[in-house]
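In what follows, a single structure is set out as structure tokens and then discussed.
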Amino acid sequence: MLTGPFNARRSDAKTAYELMSDIAAYVLEEPKRLWMGDWIIEGEAEIEDFFETRGPVCGTVGCIAGNAVVLTGQAQNGRSTSTTATEILAGDSHMLRTSLQCLFLDTGVPAKYGTKKYARIVVERIEKFQEKHEAALRDVKIEQRD
């Protein structure tokens, strides 16, 4: 479940499956938090320059991987977002690692950034991924940090 104020959300998920559900809820709550074209973009000015519109109140836009590291408090760990998110969501599963990279790198979304339509399209991808890999995702335990 998502916890914390609207501009500083965290997930209290215990498994990768639950974290994926929280990512879906997070981006549906505020679609401007999601853009599949980059891992993480931080800062009001950077977001406004890039998208030519104001970004989310939290000041961070990310893809699925970016939002995984944000929601678990691991965005500032000095490692790449892709590596960190893959470790969070896949644990020791090689199969999940490979499948997650395909999910993360599917950047084409036929909708405009910041719209509910954009968020819903990506959430459908998350839900299909969860359906296909449910058992493996439920086996991966999430370590919370902050």
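The chains in the structure tokens are called A, B, ... from first to last as shown; in each chain the residues are counted from 1, and the ligands are counted from 1 in the order shown.
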
Contacts of segment 82-132 of chain A with segment 35-58 of chain A up to 12 Å, shortest pair per row, only C-alpha atoms, as JSON lines:
```
{"residue": "A:Ser82", "atom": "CA", "partner": "A:Trp39", "partner_atom": "CA", "distance": 7.3}
{"residue": "A:Thr83", "atom": "CA", "partner": "A:Trp39", "partner_atom": "CA", "distance": 10.8}
{"residue": "A:Thr84", "atom": "CA", "partner": "A:Trp39", "partner_atom": "CA", "distance": 11.0}
{"residue": "A:Ala85", "atom": "CA", "partner": "A:Trp39", "partner_atom": "CA", "distance": 9.9}
{"residue": "A:Leu103", "atom": "CA", "partner": "A:Met36", "partner_atom": "CA", "distance": 9.9}
{"residue": "A:Phe104", "atom": "CA", "partner": "A:Met36", "partner_atom": "CA", "distance": 7.6}
{"residue": "A:Leu105", "atom": "CA", "partner": "A:Met36", "partner_atom": "CA", "distance": 7.8}
{"residue": "A:Asp106", "atom": "CA", "partner": "A:Met36", "partner_atom": "CA", "distance": 7.5}
{"residue": "A:Thr107", "atom": "CA", "partner": "A:Met36", "partner_atom": "CA", "distance": 4.8}
{"residue": "A:Gly108", "atom": "CA", "partner": "A:Met36", "partner_atom": "CA", "distance": 7.4}
{"residue": "A:Val109", "atom": "CA", "partner": "A:Met36", "partner_atom": "CA", "distance": 7.7}
{"residue": "A:Pro110", "atom": "CA", "partner": "A:Met36", "partner_atom": "CA", "distance": 11.2}
{"residue": "A:Ala111", "atom": "CA", "partner": "A:Trp35", "partner_atom": "CA", "distance": 10.5}
{"residue": "A:Lys112", "atom": "CA", "partner": "A:Trp35", "partner_atom": "CA", "distance": 9.5}
{"residue": "A:Tyr113", "atom": "CA", "partner": "A:Trp35", "partner_atom": "CA", "distance": 6.4}
{"residue": "A:Gly114", "atom": "CA", "partner": "A:Trp35", "partner_atom": "CA", "distance": 7.8}
{"residue": "A:Thr115", "atom": "CA", "partner": "A:Trp35", "partner_atom": "CA", "distance": 10.2}
{"residue": "A:Lys116", "atom": "CA", "partner": "A:Trp35", "partner_atom": "CA", "distance": 11.8}
{"residue": "A:Tyr118", "atom": "CA", "partner": "A:Trp35", "partner_atom": "CA", "distance": 8.4}
{"residue": "A:Ala119", "atom": "CA", "partner": "A:Trp35", "partner_atom": "CA", "distance": 8.5}
{"residue": "A:Arg120", "atom": "CA", "partner": "A:Trp35", "partner_atom": "CA", "distance": 12.0}
{"residue": "A:Ile121", "atom": "CA", "partner": "A:Met36", "partner_atom": "CA", "distance": 10.9}
{"residue": "A:Val122", "atom": "CA", "partner": "A:Met36", "partner_atom": "CA", "distance": 8.4}
{"residue": "A:Val123", "atom": "CA", "partner": "A:Met36", "partner_atom": "CA", "distance": 11.5}
{"residue": "A:Arg125", "atom": "CA", "partner": "A:Met36", "partner_atom": "CA", "distance": 11.7}
```

Within 9 Å of Glu127 of chain A, counting only C-alpha atoms, which residues show up once you throw out same-chain ones fewer than 5 positions away? Write them as a PDB file with C-alpha atoms, in the first residue's frame, please.
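Saved as selection31.pdb:
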```pdb
ATOM      1  CA  MET A  20       4.210  -3.643  -8.861  1.00  0.00           C
ATOM      2  CA  SER A  21       0.622  -3.036  -7.700  1.00  0.00           C
ATOM      3  CA  ALA A  24       0.376   1.044 -10.773  1.00  0.00           C
ATOM      4  CA  VAL A 122       1.482   1.387 -18.792  1.00  0.00           C
ATOM      5  CA  LYS A 132       2.307 -13.870 -16.313  1.00  0.00           C
TER       6      LYS A 132
END
```

Practice task
Determine which residues of chain A DSSP labels as helix (DSSP H, G or I) from the backbone of this structure, then write them out as a PyMOL selection string.
Solution key: chain A and resi 16-29+31-33+44-51+64-71+81-90+94-104+116-132+134-139

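Looking only at chain A, the set that DSSP places in strand (DSSP E) from backbone geometry is A:Leu2, A:Thr3, A:Arg10, A:Ser11, A:Ile40, A:Ile41, A:Glu42, A:Thr60, A:Val61, A:Gly62.
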
Please write the residues from the selection above to a file, keeping N, CA and C atoms, as a compact mmCIF listing (two decimals), in the first residue's frame.
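And here is the file that came out, selection_27.txt:
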```txt
# COMPACT_ATOMS: atom_id res chain seq x y z
N LEU A 2 0.40 2.30 -0.64
CA LEU A 2 1.13 3.56 -0.65
C LEU A 2 0.98 4.25 0.70
N THR A 3 2.07 4.79 1.18
CA THR A 3 2.06 5.51 2.45
C THR A 3 2.68 6.89 2.25
N ARG A 10 5.67 6.44 -0.41
CA ARG A 10 6.48 5.24 -0.29
C ARG A 10 5.55 4.04 -0.35
N SER A 11 6.12 2.90 -0.63
CA SER A 11 5.38 1.65 -0.65
C SER A 11 5.78 0.83 0.56
N ILE A 40 14.75 8.20 -14.61
CA ILE A 40 14.29 9.20 -13.63
C ILE A 40 14.71 10.59 -14.12
N ILE A 41 13.78 11.52 -14.03
CA ILE A 41 14.06 12.94 -14.27
C ILE A 41 13.64 13.65 -12.99
N GLU A 42 14.57 14.38 -12.38
CA GLU A 42 14.29 15.04 -11.10
C GLU A 42 14.44 16.54 -11.22
N THR A 60 9.56 14.44 -9.35
CA THR A 60 10.27 13.32 -9.97
C THR A 60 9.35 12.63 -10.96
N VAL A 61 9.90 12.36 -12.14
CA VAL A 61 9.19 11.60 -13.17
C VAL A 61 10.05 10.38 -13.44
N GLY A 62 9.43 9.21 -13.55
CA GLY A 62 10.19 8.01 -13.83
C GLY A 62 9.40 6.99 -14.62
```

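Closest approach to Lys141 of chain A from the set A:Asp12, A:Glu30, A:Glu124, A:Asp22 is made by A:Asp12, with distances taken over only C-alpha atoms.
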
Fill in the blank from the handout: The residue from A:Arg33, A:Gly78, A:Lys128, A:Asp92 with the smallest atom-to-atom distance to Ile64 of chain A, counting only C-alpha atoms, is A:Arg33

Problem - Distance criterion (only C-alpha atoms): nearest to Glu143 of chain A out of A:Gln130, A:Gln76, A:Gly59, A:Leu71 - result: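 Smallest distance to Glu143 of chain A is found for A:Leu71.
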
Practice task
With a distance cut-off of 12 Å and only C-alpha atoms, select the neighbouring residues of Leu89 of chain A, excluding the residue or stretch itself and same-chain residues fewer than 5 positions from it, and output the selection as a PyMOL selection string.
Solution key: chain A and resi 13-21+23+64-69+71-72+81-84+94-101+103-104+129-130+133-134+136-143

Let me see the file: selected residues, N, CA and C atoms, as a CSV table (one decimal), in the first residue's frame.
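Listed below is the output, again-v9.csv:
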```csv
chain,number,residue,atom,x,y,z
A,13,ALA,N,5.1,-2.4,0.5
A,13,ALA,CA,5.0,-3.7,-0.1
A,13,ALA,C,6.0,-4.7,0.5
A,14,LYS,N,5.6,-5.9,0.7
A,14,LYS,CA,6.4,-7.0,1.2
A,14,LYS,C,7.0,-7.9,0.1
A,15,THR,N,6.3,-7.9,-1.1
A,15,THR,CA,6.8,-8.7,-2.2
A,15,THR,C,6.8,-7.8,-3.5
A,16,ALA,N,7.6,-8.3,-4.5
A,16,ALA,CA,7.7,-7.6,-5.7
A,16,ALA,C,6.3,-7.5,-6.4
A,17,TYR,N,5.4,-8.5,-6.2
A,17,TYR,CA,4.1,-8.4,-6.8
A,17,TYR,C,3.3,-7.2,-6.2
A,18,GLU,N,3.4,-7.1,-4.9
A,18,GLU,CA,2.7,-6.0,-4.2
A,18,GLU,C,3.3,-4.6,-4.6
A,19,LEU,N,4.7,-4.6,-4.8
A,19,LEU,CA,5.3,-3.3,-5.2
A,19,LEU,C,4.8,-3.0,-6.6
A,20,MET,N,4.7,-3.9,-7.5
A,20,MET,CA,4.2,-3.6,-8.9
A,20,MET,C,2.8,-3.1,-8.8
A,21,SER,N,2.0,-3.6,-7.9
A,21,SER,CA,0.6,-3.0,-7.7
A,21,SER,C,0.7,-1.6,-7.2
A,23,ILE,N,3.2,0.5,-7.7
A,23,ILE,CA,3.6,1.4,-8.8
A,23,ILE,C,2.4,1.7,-9.7
A,64,ILE,N,8.7,2.7,-15.1
A,64,ILE,CA,8.4,1.7,-14.1
A,64,ILE,C,9.6,1.4,-13.1
A,65,ALA,N,10.7,1.3,-13.7
A,65,ALA,CA,11.9,1.1,-12.8
A,65,ALA,C,12.2,2.2,-11.9
A,66,GLY,N,12.1,3.4,-12.5
A,66,GLY,CA,12.3,4.6,-11.7
A,66,GLY,C,11.4,4.7,-10.5
A,67,ASN,N,10.1,4.4,-10.8
A,67,ASN,CA,9.1,4.5,-9.7
A,67,ASN,C,9.3,3.4,-8.7
A,68,ALA,N,9.9,2.3,-9.1
A,68,ALA,CA,10.2,1.2,-8.1
A,68,ALA,C,11.2,1.7,-7.1
A,69,VAL,N,12.3,2.3,-7.6
A,69,VAL,CA,13.3,2.8,-6.7
A,69,VAL,C,12.9,4.0,-5.8
A,71,LEU,N,9.7,4.5,-4.8
A,71,LEU,CA,8.7,4.0,-3.8
A,71,LEU,C,9.4,3.2,-2.7
A,72,THR,N,10.6,2.6,-3.0
A,72,THR,CA,11.2,1.9,-1.9
A,72,THR,C,12.4,2.7,-1.3
A,81,THR,N,19.6,3.2,-11.9
A,81,THR,CA,18.2,2.9,-11.7
A,81,THR,C,17.8,1.5,-12.2
A,82,SER,N,18.3,1.2,-13.4
A,82,SER,CA,17.9,-0.1,-14.0
A,82,SER,C,18.4,-1.3,-13.1
A,83,THR,N,19.7,-1.2,-12.7
A,83,THR,CA,20.2,-2.2,-11.8
A,83,THR,C,19.5,-2.3,-10.5
A,84,THR,N,19.3,-1.2,-9.9
A,84,THR,CA,18.6,-1.2,-8.6
A,84,THR,C,17.2,-1.7,-8.7
A,94,HIS,N,16.7,-15.2,-12.4
A,94,HIS,CA,17.2,-14.8,-13.8
A,94,HIS,C,16.1,-14.6,-14.7
A,95,MET,N,15.1,-15.4,-14.7
A,95,MET,CA,13.9,-15.3,-15.6
A,95,MET,C,13.3,-13.9,-15.4
A,96,LEU,N,13.1,-13.5,-14.1
A,96,LEU,CA,12.4,-12.2,-13.9
A,96,LEU,C,13.3,-11.1,-14.3
A,97,ARG,N,14.6,-11.2,-14.1
A,97,ARG,CA,15.6,-10.2,-14.6
A,97,ARG,C,15.4,-9.9,-16.1
A,98,THR,N,15.4,-11.0,-16.8
A,98,THR,CA,15.3,-10.9,-18.3
A,98,THR,C,14.0,-10.3,-18.7
A,99,SER,N,12.9,-10.7,-18.1
A,99,SER,CA,11.6,-10.3,-18.4
A,99,SER,C,11.4,-8.8,-18.0
A,100,LEU,N,11.9,-8.4,-16.8
A,100,LEU,CA,11.8,-7.0,-16.4
A,100,LEU,C,12.5,-6.1,-17.4
A,101,GLN,N,13.7,-6.5,-17.9
A,101,GLN,CA,14.4,-5.6,-18.8
A,101,GLN,C,13.5,-5.3,-20.1
A,103,LEU,N,10.2,-5.3,-20.0
A,103,LEU,CA,9.1,-4.4,-19.6
A,103,LEU,C,9.7,-3.0,-19.4
A,104,PHE,N,10.8,-2.8,-18.9
A,104,PHE,CA,11.4,-1.5,-18.6
A,104,PHE,C,11.7,-0.8,-20.0
A,129,PHE,N,2.1,-8.2,-16.9
A,129,PHE,CA,3.4,-8.8,-16.3
A,129,PHE,C,3.1,-9.5,-15.0
A,130,GLN,N,2.3,-8.9,-14.2
A,130,GLN,CA,2.0,-9.6,-12.9
A,130,GLN,C,1.3,-10.9,-13.1
A,133,HIS,N,3.8,-13.5,-14.4
A,133,HIS,CA,4.9,-13.9,-13.5
A,133,HIS,C,4.5,-13.9,-12.0
A,134,GLU,N,3.2,-14.1,-11.7
A,134,GLU,CA,2.7,-13.9,-10.4
A,134,GLU,C,3.5,-14.7,-9.3
A,136,ALA,N,6.5,-16.0,-9.3
A,136,ALA,CA,7.8,-15.5,-9.1
A,136,ALA,C,7.9,-14.2,-8.4
A,137,LEU,N,7.0,-13.3,-8.8
A,137,LEU,CA,7.0,-12.0,-8.1
A,137,LEU,C,6.6,-12.1,-6.7
A,138,ARG,N,5.7,-13.0,-6.3
A,138,ARG,CA,5.3,-13.1,-4.9
A,138,ARG,C,6.4,-13.8,-4.1
A,139,ASP,N,7.4,-14.5,-4.8
A,139,ASP,CA,8.5,-15.1,-4.0
A,139,ASP,C,9.6,-14.1,-3.7
A,140,VAL,N,9.6,-12.9,-4.4
A,140,VAL,CA,10.7,-11.9,-4.2
A,140,VAL,C,10.2,-11.0,-3.1
A,141,LYS,N,11.0,-11.0,-2.0
A,141,LYS,CA,10.8,-10.2,-0.8
A,141,LYS,C,11.4,-8.8,-1.0
A,142,ILE,N,10.7,-7.8,-0.6
A,142,ILE,CA,11.2,-6.4,-0.7
A,142,ILE,C,11.8,-5.9,0.5
A,143,GLU,N,13.0,-5.3,0.4
A,143,GLU,CA,13.7,-4.7,1.5
A,143,GLU,C,13.4,-3.2,1.5
```

Exercise for the section: Mind giving me the straight-line distance from atom CA of Lys117 of chain A to atom CA of Cys63 of chain A in Å, one decimal? Expected result: 15.2 Å
